[in-house]
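Okay, structure.cif is below, mmCIF, C-alpha atoms:
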data_input
loop_
_atom_site.label_atom_id
_atom_site.label_comp_id
_atom_site.auth_asym_id
_atom_site.auth_seq_id
_atom_site.Cartn_x
_atom_site.Cartn_y
_atom_site.Cartn_z
CA ALA A 974 -141.85 7.43 -196.01
CA TYR A 975 -145.39 6.17 -195.81
CA ALA A 976 -147.93 6.20 -198.68
CA MET A 977 -145.90 8.73 -200.63
CA SER A 978 -145.18 8.91 -204.34
CA PRO A 979 -141.53 8.40 -205.14
CA ALA A 980 -139.51 11.57 -205.65
CA PRO A 981 -138.52 12.47 -209.20
CA SER A 982 -135.18 11.14 -210.40
CA ARG A 983 -131.99 13.07 -209.72
CA ARG A 984 -131.70 13.84 -213.46
CA HIS A 985 -135.26 15.21 -213.45
CA GLN A 986 -134.46 17.43 -210.46
CA LYS A 987 -131.22 18.75 -211.98
CA ILE A 988 -133.01 19.67 -215.22
CA SER A 989 -135.76 21.38 -213.24
CA MET A 990 -133.30 23.34 -211.11
CA TYR A 991 -131.24 24.39 -214.13
CA ILE A 992 -134.21 25.67 -216.16
CA SER A 993 -135.78 27.33 -213.10
CA SER A 994 -132.53 29.15 -212.35
CA MET A 995 -132.16 30.28 -215.97
CA PHE A 996 -135.68 31.73 -215.89
CA PHE A 997 -135.14 33.21 -212.42
CA ASN A 998 -132.04 35.09 -213.62
CA TYR A 999 -133.67 36.14 -216.90
CA LEU A 1000 -136.83 37.44 -215.21
CA GLU A 1001 -134.99 39.57 -212.66
CA LYS A 1002 -136.46 43.10 -212.83
CA LYS A 1003 -139.23 41.90 -215.16
CA PRO A 1004 -142.89 41.59 -214.17
CA CYS A 1005 -142.94 37.79 -214.59
CA GLU A 1006 -142.01 35.13 -212.02
CA VAL A 1007 -140.96 31.48 -212.14
CA TYR A 1008 -142.04 28.77 -209.70
CA ALA A 1009 -140.96 25.15 -209.40
CA ALA A 1010 -142.96 22.23 -208.00
CA PRO A 1011 -144.53 21.85 -205.60
CA PHE A 1012 -146.63 24.86 -206.59
CA ASP A 1013 -150.40 24.66 -206.95
CA VAL A 1014 -151.96 25.89 -210.18
CA ARG A 1015 -155.73 26.05 -209.73
CA LEU A 1016 -157.58 25.89 -213.04
CA PRO A 1017 -161.20 26.90 -212.45
CA ASP A 1018 -164.04 26.10 -214.77
CA GLU A 1019 -166.32 28.97 -215.76
CA ASN A 1020 -167.48 31.00 -212.72
CA GLU A 1021 -166.14 28.37 -210.31
CA ASN A 1022 -165.56 29.78 -206.81
CA ASP A 1023 -162.09 29.36 -205.36
CA ASP A 1024 -163.29 26.87 -202.74
CA ASP A 1025 -164.99 24.77 -205.43
CA ILE A 1026 -162.06 24.38 -207.85
CA HIS A 1027 -161.44 20.69 -208.47
CA THR A 1028 -158.68 21.00 -211.05
CA VAL A 1029 -155.35 21.59 -209.32
CA VAL A 1030 -152.03 20.65 -210.94
CA GLN A 1031 -148.42 20.96 -209.86
CA PRO A 1032 -146.34 21.35 -213.02
CA ASP A 1033 -142.57 21.02 -212.71
CA ILE A 1034 -142.06 24.68 -213.66
CA VAL A 1035 -144.43 27.59 -214.33
CA VAL A 1036 -143.82 31.11 -215.53
CA VAL A 1037 -146.47 33.67 -214.57
CA CYS A 1038 -146.65 37.20 -215.95
CA ASP A 1039 -150.03 38.26 -214.53
CA SER A 1040 -149.43 38.94 -210.83
CA THR A 1041 -153.18 39.17 -210.16
CA LYS A 1042 -153.33 35.38 -210.59
CA LEU A 1043 -150.88 34.81 -207.71
CA ASP A 1044 -151.95 34.31 -204.11
CA GLU A 1045 -150.74 32.53 -201.00
CA LYS A 1046 -152.16 29.21 -202.24
CA GLY A 1047 -150.16 29.40 -205.48
CA MET A 1048 -152.08 30.71 -208.45
CA ARG A 1049 -155.56 30.75 -209.92
CA GLY A 1050 -155.73 30.55 -213.71
CA ALA A 1051 -153.38 29.63 -216.48
CA PRO A 1052 -149.69 30.52 -216.28
CA ASP A 1053 -147.94 31.78 -219.39
CA ILE A 1054 -145.57 28.79 -219.60
CA ILE A 1055 -145.91 25.33 -218.12
CA ILE A 1056 -142.97 22.93 -218.27
CA GLU A 1057 -143.37 19.23 -217.53
CA ILE A 1058 -140.33 16.98 -217.29
CA ILE A 1059 -141.48 13.51 -218.24
CA SER A 1060 -141.07 10.64 -215.81
CA VAL A 1061 -142.01 7.07 -216.68
CA SER A 1062 -144.79 7.14 -214.10
CA THR A 1063 -146.33 10.41 -215.39
CA ALA A 1064 -145.65 10.29 -219.15
CA HIS A 1065 -149.14 9.30 -220.29
CA HIS A 1066 -150.80 11.84 -218.00
CA ASP A 1067 -148.43 14.69 -219.01
CA ILE A 1068 -148.55 14.00 -222.74
CA ASN A 1069 -152.28 13.34 -223.06
CA GLU A 1070 -154.50 14.53 -220.24
CA LYS A 1071 -152.51 17.60 -219.19
CA PHE A 1072 -152.02 18.64 -222.83
CA TYR A 1073 -155.78 19.08 -223.32
CA LEU A 1074 -156.26 20.54 -219.85
CA TYR A 1075 -153.60 23.21 -220.43
CA GLU A 1076 -154.96 23.95 -223.91
CA LYS A 1077 -158.52 24.30 -222.55
CA HIS A 1078 -157.43 26.76 -219.87
CA GLY A 1079 -155.31 28.93 -222.19
CA VAL A 1080 -151.70 28.18 -221.24
CA LYS A 1081 -149.68 30.13 -223.81
CA GLU A 1082 -146.81 27.63 -224.05
CA TYR A 1083 -146.55 24.03 -222.89
CA TRP A 1084 -143.10 22.44 -222.88
CA ILE A 1085 -142.71 18.68 -222.61
CA ILE A 1086 -139.16 17.64 -221.76
CA HIS A 1087 -138.00 14.06 -222.30
CA PRO A 1088 -134.87 13.87 -220.11
CA TYR A 1089 -133.51 10.56 -221.36
CA GLU A 1090 -134.27 11.13 -225.05
CA GLU A 1091 -132.86 14.66 -224.58
CA THR A 1092 -135.68 16.30 -226.49
CA VAL A 1093 -138.12 19.13 -225.84
CA PHE A 1094 -141.45 19.74 -227.56
CA VAL A 1095 -142.89 23.25 -227.27
CA TYR A 1096 -146.59 23.75 -227.97
CA ALA A 1097 -147.78 27.34 -228.47
CA LEU A 1098 -151.42 28.36 -228.14
CA GLU A 1099 -152.72 29.71 -231.41
CA LYS A 1100 -155.42 32.31 -232.06
CA ASP A 1101 -158.06 29.59 -232.31
CA GLY A 1102 -157.35 28.56 -228.71
CA GLN A 1103 -155.63 25.31 -229.63
CA PHE A 1104 -152.02 24.24 -229.46
CA GLY A 1105 -150.38 24.19 -232.86
CA ARG A 1106 -147.81 21.75 -234.12
CA PRO A 1107 -144.94 21.45 -231.66
CA ARG A 1108 -141.52 22.94 -232.21
CA ALA A 1109 -139.12 20.06 -231.58
CA TYR A 1110 -135.69 20.58 -230.07
CA ALA A 1111 -132.82 18.18 -229.39
CA ARG A 1112 -129.67 18.30 -227.28
CA GLU A 1113 -127.66 20.37 -229.79
CA ASP A 1114 -130.33 23.06 -230.19
CA ILE A 1115 -130.96 26.45 -228.63
CA LEU A 1116 -134.58 26.65 -227.48
CA LYS A 1117 -136.39 29.91 -228.18
CA THR A 1118 -139.73 30.86 -226.68
CA GLU A 1119 -142.21 33.13 -228.43
CA ILE A 1120 -143.15 34.75 -225.13
CA PHE A 1121 -139.59 35.97 -224.43
CA PRO A 1122 -137.83 36.34 -227.81
CA ASP A 1123 -134.47 37.16 -226.19
CA PHE A 1124 -134.53 34.19 -223.77
CA LEU A 1125 -132.30 31.45 -225.19
CA LEU A 1126 -131.92 28.05 -223.55
CA ASP A 1127 -128.90 25.98 -224.59
CA LEU A 1128 -130.21 22.42 -224.38
CA LYS A 1129 -126.73 20.96 -224.29
CA SER A 1130 -126.32 22.68 -220.90
CA VAL A 1131 -129.79 21.53 -219.79
CA PHE A 1132 -129.08 17.90 -220.55
CA THR A 1133 -125.52 17.99 -219.24
CA SER A 1134 -126.73 19.29 -215.89
#
In structure tokens, what does this structure look like?
Amino acid sequence: AYAMSPAPSRRHQKISMYISSMFFNYLEKKPCEVYAAPFDVRLPDENENDDDIHTVVQPDIVVVCDSTKLDEKGMRGAPDIIIEIISVSTAHHDINEKFYLYEKHGVKEYWIIHPYEETVFVYALEKDGQFGRPRAYAREDILKTEIFPDFLLDLKSVFTS
């Protein structure tokens, strides 16, 4: 490999695959879809043409319920859920810079997963357009998302994977 970023850890990949598969199975026959990295999410500024978009991210997992945002390049606009699995090399960027970027562009839920601490923080966009206080989950908890009230994620299974 030449001039490449190192691949995520095996633990990171297992967590990503597990959560992606849980969403994939849950979303079967529903209008929403799940995508795992690498998958481009283009976040345009106001009236920015597609060719001029400078803000492109590749979250670990995205859930999209508006199919008009999807195209062959990935998607244009904010997904409903973005999940980032923290790595040492990306922690500062994911926790700080991406937090405000996702809030600014209207991501409904932003999950930050700490694989070695075995915790998840879920930020939900409030009516004022800002993320509220996070809901904190640990290994023994069942994570619930406001977007899909009947989707339950057993974190013990996530962190055992």
Could you list, as a VMD selection string, every residue within 9 Å of stretch 1084-1101 of chain A, counting only C-alpha atoms and ignoring same-chain residues fewer than 4 positions away?
chain A and resid 984 to 985 988 1054 to 1060 1067 to 1068 1076 1079 to 1080 1105 to 1112 1116 1118 to 1119 1128 to 1129 1131 to 1132
For the selection just defined, write its residues with C-alpha atoms to a file, as a short mmCIF file (atom, residue, chain, number, x, y, z; two decimals), in the frame of the given file.
data_model
loop_
_atom_site.label_atom_id
_atom_site.label_comp_id
_atom_site.auth_asym_id
_atom_site.auth_seq_id
_atom_site.Cartn_x
_atom_site.Cartn_y
_atom_site.Cartn_z
CA ARG A 984 -131.70 13.84 -213.46
CA HIS A 985 -135.26 15.21 -213.45
CA ILE A 988 -133.01 19.67 -215.22
CA ILE A 1054 -145.57 28.79 -219.60
CA ILE A 1055 -145.91 25.33 -218.12
CA ILE A 1056 -142.97 22.93 -218.27
CA GLU A 1057 -143.37 19.23 -217.53
CA ILE A 1058 -140.33 16.98 -217.29
CA ILE A 1059 -141.48 13.51 -218.24
CA SER A 1060 -141.07 10.64 -215.81
CA ASP A 1067 -148.43 14.69 -219.01
CA ILE A 1068 -148.55 14.00 -222.74
CA GLU A 1076 -154.96 23.95 -223.91
CA GLY A 1079 -155.31 28.93 -222.19
CA VAL A 1080 -151.70 28.18 -221.24
CA GLY A 1105 -150.38 24.19 -232.86
CA ARG A 1106 -147.81 21.75 -234.12
CA PRO A 1107 -144.94 21.45 -231.66
CA ARG A 1108 -141.52 22.94 -232.21
CA ALA A 1109 -139.12 20.06 -231.58
CA TYR A 1110 -135.69 20.58 -230.07
CA ALA A 1111 -132.82 18.18 -229.39
CA ARG A 1112 -129.67 18.30 -227.28
CA LEU A 1116 -134.58 26.65 -227.48
CA THR A 1118 -139.73 30.86 -226.68
CA GLU A 1119 -142.21 33.13 -228.43
CA LEU A 1128 -130.21 22.42 -224.38
CA LYS A 1129 -126.73 20.96 -224.29
CA VAL A 1131 -129.79 21.53 -219.79
CA PHE A 1132 -129.08 17.90 -220.55
#
Once the PyMOL selection byres ((chain A and resi 1126) around 7) has been evaluated on this model, what residues remain selected, and can you format them as number ranges by chain?
A: 1115-1117, 1124-1125, 1127-1128
Output for the residues just chosen: C-alpha atoms as an mmCIF file, keeping the file's coordinate frame:
data_model
loop_
_atom_site.group_PDB
_atom_site.id
_atom_site.type_symbol
_atom_site.label_atom_id
_atom_site.label_comp_id
_atom_site.auth_asym_id
_atom_site.auth_seq_id
_atom_site.Cartn_x
_atom_site.Cartn_y
_atom_site.Cartn_z
ATOM 1 C CA ILE A 1115 -130.960 26.450 -228.630
ATOM 2 C CA LEU A 1116 -134.580 26.650 -227.480
ATOM 3 C CA LYS A 1117 -136.390 29.910 -228.180
ATOM 4 C CA PHE A 1124 -134.530 34.190 -223.770
ATOM 5 C CA LEU A 1125 -132.300 31.450 -225.190
ATOM 6 C CA ASP A 1127 -128.900 25.980 -224.590
ATOM 7 C CA LEU A 1128 -130.210 22.420 -224.380
#
Chain and number of each residue from the PyMOL selection byres ((chain A and resi 1035) around 12), as an NGL selection string:
:A and (989 or 992-993 or 996-997 or 1005-1014 or 1030-1034 or 1036-1038 or 1043 or 1047-1048 or 1050-1058 or 1075 or 1080-1084)
For the PyMOL selection byres ((chain A and resi 1028) around 9), applied here, can you spell out every residue it catches as an MDAnalysis selection string?
chainID A and resid 1014:1018 1026:1027 1029:1030
File of the preceding selection, C-alpha atoms, as a PDB file, in the coordinates of the input:
ATOM      1  CA  VAL A1014    -151.960  25.890-210.180  1.00  0.00           C
ATOM      2  CA  ARG A1015    -155.730  26.050-209.730  1.00  0.00           C
ATOM      3  CA  LEU A1016    -157.580  25.890-213.040  1.00  0.00           C
ATOM      4  CA  PRO A1017    -161.200  26.900-212.450  1.00  0.00           C
ATOM      5  CA  ASP A1018    -164.040  26.100-214.770  1.00  0.00           C
ATOM      6  CA  ILE A1026    -162.060  24.380-207.850  1.00  0.00           C
ATOM      7  CA  HIS A1027    -161.440  20.690-208.470  1.00  0.00           C
ATOM      8  CA  VAL A1029    -155.350  21.590-209.320  1.00  0.00           C
ATOM      9  CA  VAL A1030    -152.030  20.650-210.940  1.00  0.00           C
TER      10      VAL A1030
END
Please measure the separation of atom CA of A:Tyr991 and atom CA of A:Thr1133, giving the value in Å to one decimal.
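Distance reported for this atom pair: 10.0 Å.
Here atom CA of A:Met990 and atom CA of A:Ser1130 stand 12.0 Å from one another.
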Record the distance separating atom CA of A:His1066 and atom CA of A:Ala980, expressed in Å with one decimal.
16.7 Å
Taking all atoms listed in the file into account, which of A:Gln986, A:Glu1019, A:Asp1025, A:Ser1062 comes nearest A:Lys1077?
A:Glu1019
Complete stretch 1117-1128 of chain A with all heavy atoms (output as a PDB file, keeping the file's coordinate frame).
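Okay, this is what ended up in rebuild34.pdb:
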ATOM      1  N   LYS A1117    -135.900  28.527-228.192  1.00  0.00           N
ATOM      2  CA  LYS A1117    -136.390  29.910-228.180  1.00  0.00           C
ATOM      3  C   LYS A1117    -137.880  29.870-227.873  1.00  0.00           C
ATOM      4  O   LYS A1117    -138.604  29.036-228.392  1.00  0.00           O
ATOM      5  CB  LYS A1117    -136.161  30.567-229.533  1.00  0.00           C
ATOM      6  CG  LYS A1117    -134.702  30.657-229.927  1.00  0.00           C
ATOM      7  CD  LYS A1117    -134.531  31.189-231.324  1.00  0.00           C
ATOM      8  CE  LYS A1117    -133.065  31.128-231.698  1.00  0.00           C
ATOM      9  NZ  LYS A1117    -132.844  31.436-233.097  1.00  0.00           N
ATOM     10  N   THR A1118    -138.317  30.775-227.024  1.00  0.00           N
ATOM     11  CA  THR A1118    -139.730  30.860-226.680  1.00  0.00           C
ATOM     12  C   THR A1118    -140.332  32.108-227.313  1.00  0.00           C
ATOM     13  O   THR A1118    -139.689  33.160-227.342  1.00  0.00           O
ATOM     14  CB  THR A1118    -139.926  30.865-225.144  1.00  0.00           C
ATOM     15  OG1 THR A1118    -141.290  31.160-224.856  1.00  0.00           O
ATOM     16  CG2 THR A1118    -139.045  31.863-224.446  1.00  0.00           C
ATOM     17  N   GLU A1119    -141.537  31.980-227.812  1.00  0.00           N
ATOM     18  CA  GLU A1119    -142.210  33.130-228.430  1.00  0.00           C
ATOM     19  C   GLU A1119    -142.552  34.202-227.403  1.00  0.00           C
ATOM     20  O   GLU A1119    -142.620  35.378-227.728  1.00  0.00           O
ATOM     21  CB  GLU A1119    -143.492  32.653-229.131  1.00  0.00           C
ATOM     22  CG  GLU A1119    -143.214  31.777-230.329  1.00  0.00           C
ATOM     23  CD  GLU A1119    -144.473  31.247-230.988  1.00  0.00           C
ATOM     24  OE1 GLU A1119    -145.577  31.765-230.696  1.00  0.00           O
ATOM     25  OE2 GLU A1119    -144.353  30.331-231.805  1.00  0.00           O
ATOM     26  N   ILE A1120    -142.754  33.796-226.169  1.00  0.00           N
ATOM     27  CA  ILE A1120    -143.150  34.750-225.130  1.00  0.00           C
ATOM     28  C   ILE A1120    -142.002  35.693-224.774  1.00  0.00           C
ATOM     29  O   ILE A1120    -142.216  36.878-224.529  1.00  0.00           O
ATOM     30  CB  ILE A1120    -143.659  33.990-223.883  1.00  0.00           C
ATOM     31  CG1 ILE A1120    -144.934  33.228-224.256  1.00  0.00           C
ATOM     32  CG2 ILE A1120    -143.917  34.944-222.725  1.00  0.00           C
ATOM     33  CD1 ILE A1120    -145.460  32.318-223.175  1.00  0.00           C
ATOM     34  N   PHE A1121    -140.788  35.164-224.741  1.00  0.00           N
ATOM     35  CA  PHE A1121    -139.590  35.970-224.430  1.00  0.00           C
ATOM     36  C   PHE A1121    -138.577  35.775-225.556  1.00  0.00           C
ATOM     37  O   PHE A1121    -137.707  34.905-225.464  1.00  0.00           O
ATOM     38  CB  PHE A1121    -138.975  35.535-223.087  1.00  0.00           C
ATOM     39  CG  PHE A1121    -139.941  35.525-221.941  1.00  0.00           C
ATOM     40  CD1 PHE A1121    -140.346  34.330-221.369  1.00  0.00           C
ATOM     41  CD2 PHE A1121    -140.443  36.710-221.417  1.00  0.00           C
ATOM     42  CE1 PHE A1121    -141.231  34.307-220.303  1.00  0.00           C
ATOM     43  CE2 PHE A1121    -141.331  36.697-220.358  1.00  0.00           C
ATOM     44  CZ  PHE A1121    -141.726  35.491-219.800  1.00  0.00           C
ATOM     45  N   PRO A1122    -138.679  36.560-226.628  1.00  0.00           N
ATOM     46  CA  PRO A1122    -137.830  36.340-227.810  1.00  0.00           C
ATOM     47  C   PRO A1122    -136.324  36.380-227.527  1.00  0.00           C
ATOM     48  O   PRO A1122    -135.551  35.754-228.253  1.00  0.00           O
ATOM     49  CB  PRO A1122    -138.224  37.478-228.752  1.00  0.00           C
ATOM     50  CG  PRO A1122    -139.587  37.875-228.308  1.00  0.00           C
ATOM     51  CD  PRO A1122    -139.632  37.642-226.830  1.00  0.00           C
ATOM     52  N   ASP A1123    -135.904  37.084-226.466  1.00  0.00           N
ATOM     53  CA  ASP A1123    -134.470  37.160-226.190  1.00  0.00           C
ATOM     54  C   ASP A1123    -134.012  36.141-225.132  1.00  0.00           C
ATOM     55  O   ASP A1123    -132.862  36.140-224.728  1.00  0.00           O
ATOM     56  CB  ASP A1123    -134.052  38.575-225.786  1.00  0.00           C
ATOM     57  CG  ASP A1123    -134.798  39.091-224.569  1.00  0.00           C
ATOM     58  OD1 ASP A1123    -135.889  38.566-224.255  1.00  0.00           O
ATOM     59  OD2 ASP A1123    -134.302  40.027-223.925  1.00  0.00           O
ATOM     60  N   PHE A1124    -134.890  35.252-224.704  1.00  0.00           N
ATOM     61  CA  PHE A1124    -134.530  34.190-223.770  1.00  0.00           C
ATOM     62  C   PHE A1124    -134.091  32.983-224.604  1.00  0.00           C
ATOM     63  O   PHE A1124    -134.855  32.454-225.408  1.00  0.00           O
ATOM     64  CB  PHE A1124    -135.708  33.793-222.879  1.00  0.00           C
ATOM     65  CG  PHE A1124    -135.418  32.645-221.958  1.00  0.00           C
ATOM     66  CD1 PHE A1124    -134.737  32.845-220.772  1.00  0.00           C
ATOM     67  CD2 PHE A1124    -135.836  31.357-222.272  1.00  0.00           C
ATOM     68  CE1 PHE A1124    -134.464  31.787-219.910  1.00  0.00           C
ATOM     69  CE2 PHE A1124    -135.581  30.297-221.423  1.00  0.00           C
ATOM     70  CZ  PHE A1124    -134.887  30.506-220.242  1.00  0.00           C
ATOM     71  N   LEU A1125    -132.848  32.576-224.443  1.00  0.00           N
ATOM     72  CA  LEU A1125    -132.300  31.450-225.190  1.00  0.00           C
ATOM     73  C   LEU A1125    -131.853  30.382-224.198  1.00  0.00           C
ATOM     74  O   LEU A1125    -131.145  30.675-223.234  1.00  0.00           O
ATOM     75  CB  LEU A1125    -131.119  31.893-226.040  1.00  0.00           C
ATOM     76  CG  LEU A1125    -131.403  33.041-227.025  1.00  0.00           C
ATOM     77  CD1 LEU A1125    -130.132  33.470-227.721  1.00  0.00           C
ATOM     78  CD2 LEU A1125    -132.465  32.631-228.027  1.00  0.00           C
ATOM     79  N   LEU A1126    -132.252  29.145-224.442  1.00  0.00           N
ATOM     80  CA  LEU A1126    -131.920  28.050-223.550  1.00  0.00           C
ATOM     81  C   LEU A1126    -131.091  27.028-224.308  1.00  0.00           C
ATOM     82  O   LEU A1126    -131.595  26.347-225.218  1.00  0.00           O
ATOM     83  CB  LEU A1126    -133.203  27.415-222.994  1.00  0.00           C
ATOM     84  CG  LEU A1126    -133.037  26.372-221.917  1.00  0.00           C
ATOM     85  CD1 LEU A1126    -132.373  26.969-220.667  1.00  0.00           C
ATOM     86  CD2 LEU A1126    -134.395  25.778-221.546  1.00  0.00           C
ATOM     87  N   ASP A1127    -129.819  26.933-223.960  1.00  0.00           N
ATOM     88  CA  ASP A1127    -128.900  25.980-224.590  1.00  0.00           C
ATOM     89  C   ASP A1127    -129.201  24.590-224.028  1.00  0.00           C
ATOM     90  O   ASP A1127    -128.923  24.300-222.860  1.00  0.00           O
ATOM     91  CB  ASP A1127    -127.458  26.393-224.274  1.00  0.00           C
ATOM     92  CG  ASP A1127    -126.424  25.455-224.876  1.00  0.00           C
ATOM     93  OD1 ASP A1127    -126.793  24.417-225.458  1.00  0.00           O
ATOM     94  OD2 ASP A1127    -125.226  25.761-224.737  1.00  0.00           O
ATOM     95  N   LEU A1128    -129.782  23.733-224.857  1.00  0.00           N
ATOM     96  CA  LEU A1128    -130.210  22.420-224.380  1.00  0.00           C
ATOM     97  C   LEU A1128    -129.043  21.499-224.058  1.00  0.00           C
ATOM     98  O   LEU A1128    -129.177  20.594-223.241  1.00  0.00           O
ATOM     99  CB  LEU A1128    -131.174  21.782-225.361  1.00  0.00           C
ATOM    100  CG  LEU A1128    -132.506  22.500-225.478  1.00  0.00           C
ATOM    101  CD1 LEU A1128    -133.423  21.804-226.471  1.00  0.00           C
ATOM    102  CD2 LEU A1128    -133.193  22.621-224.126  1.00  0.00           C
TER     103      LEU A1128
END
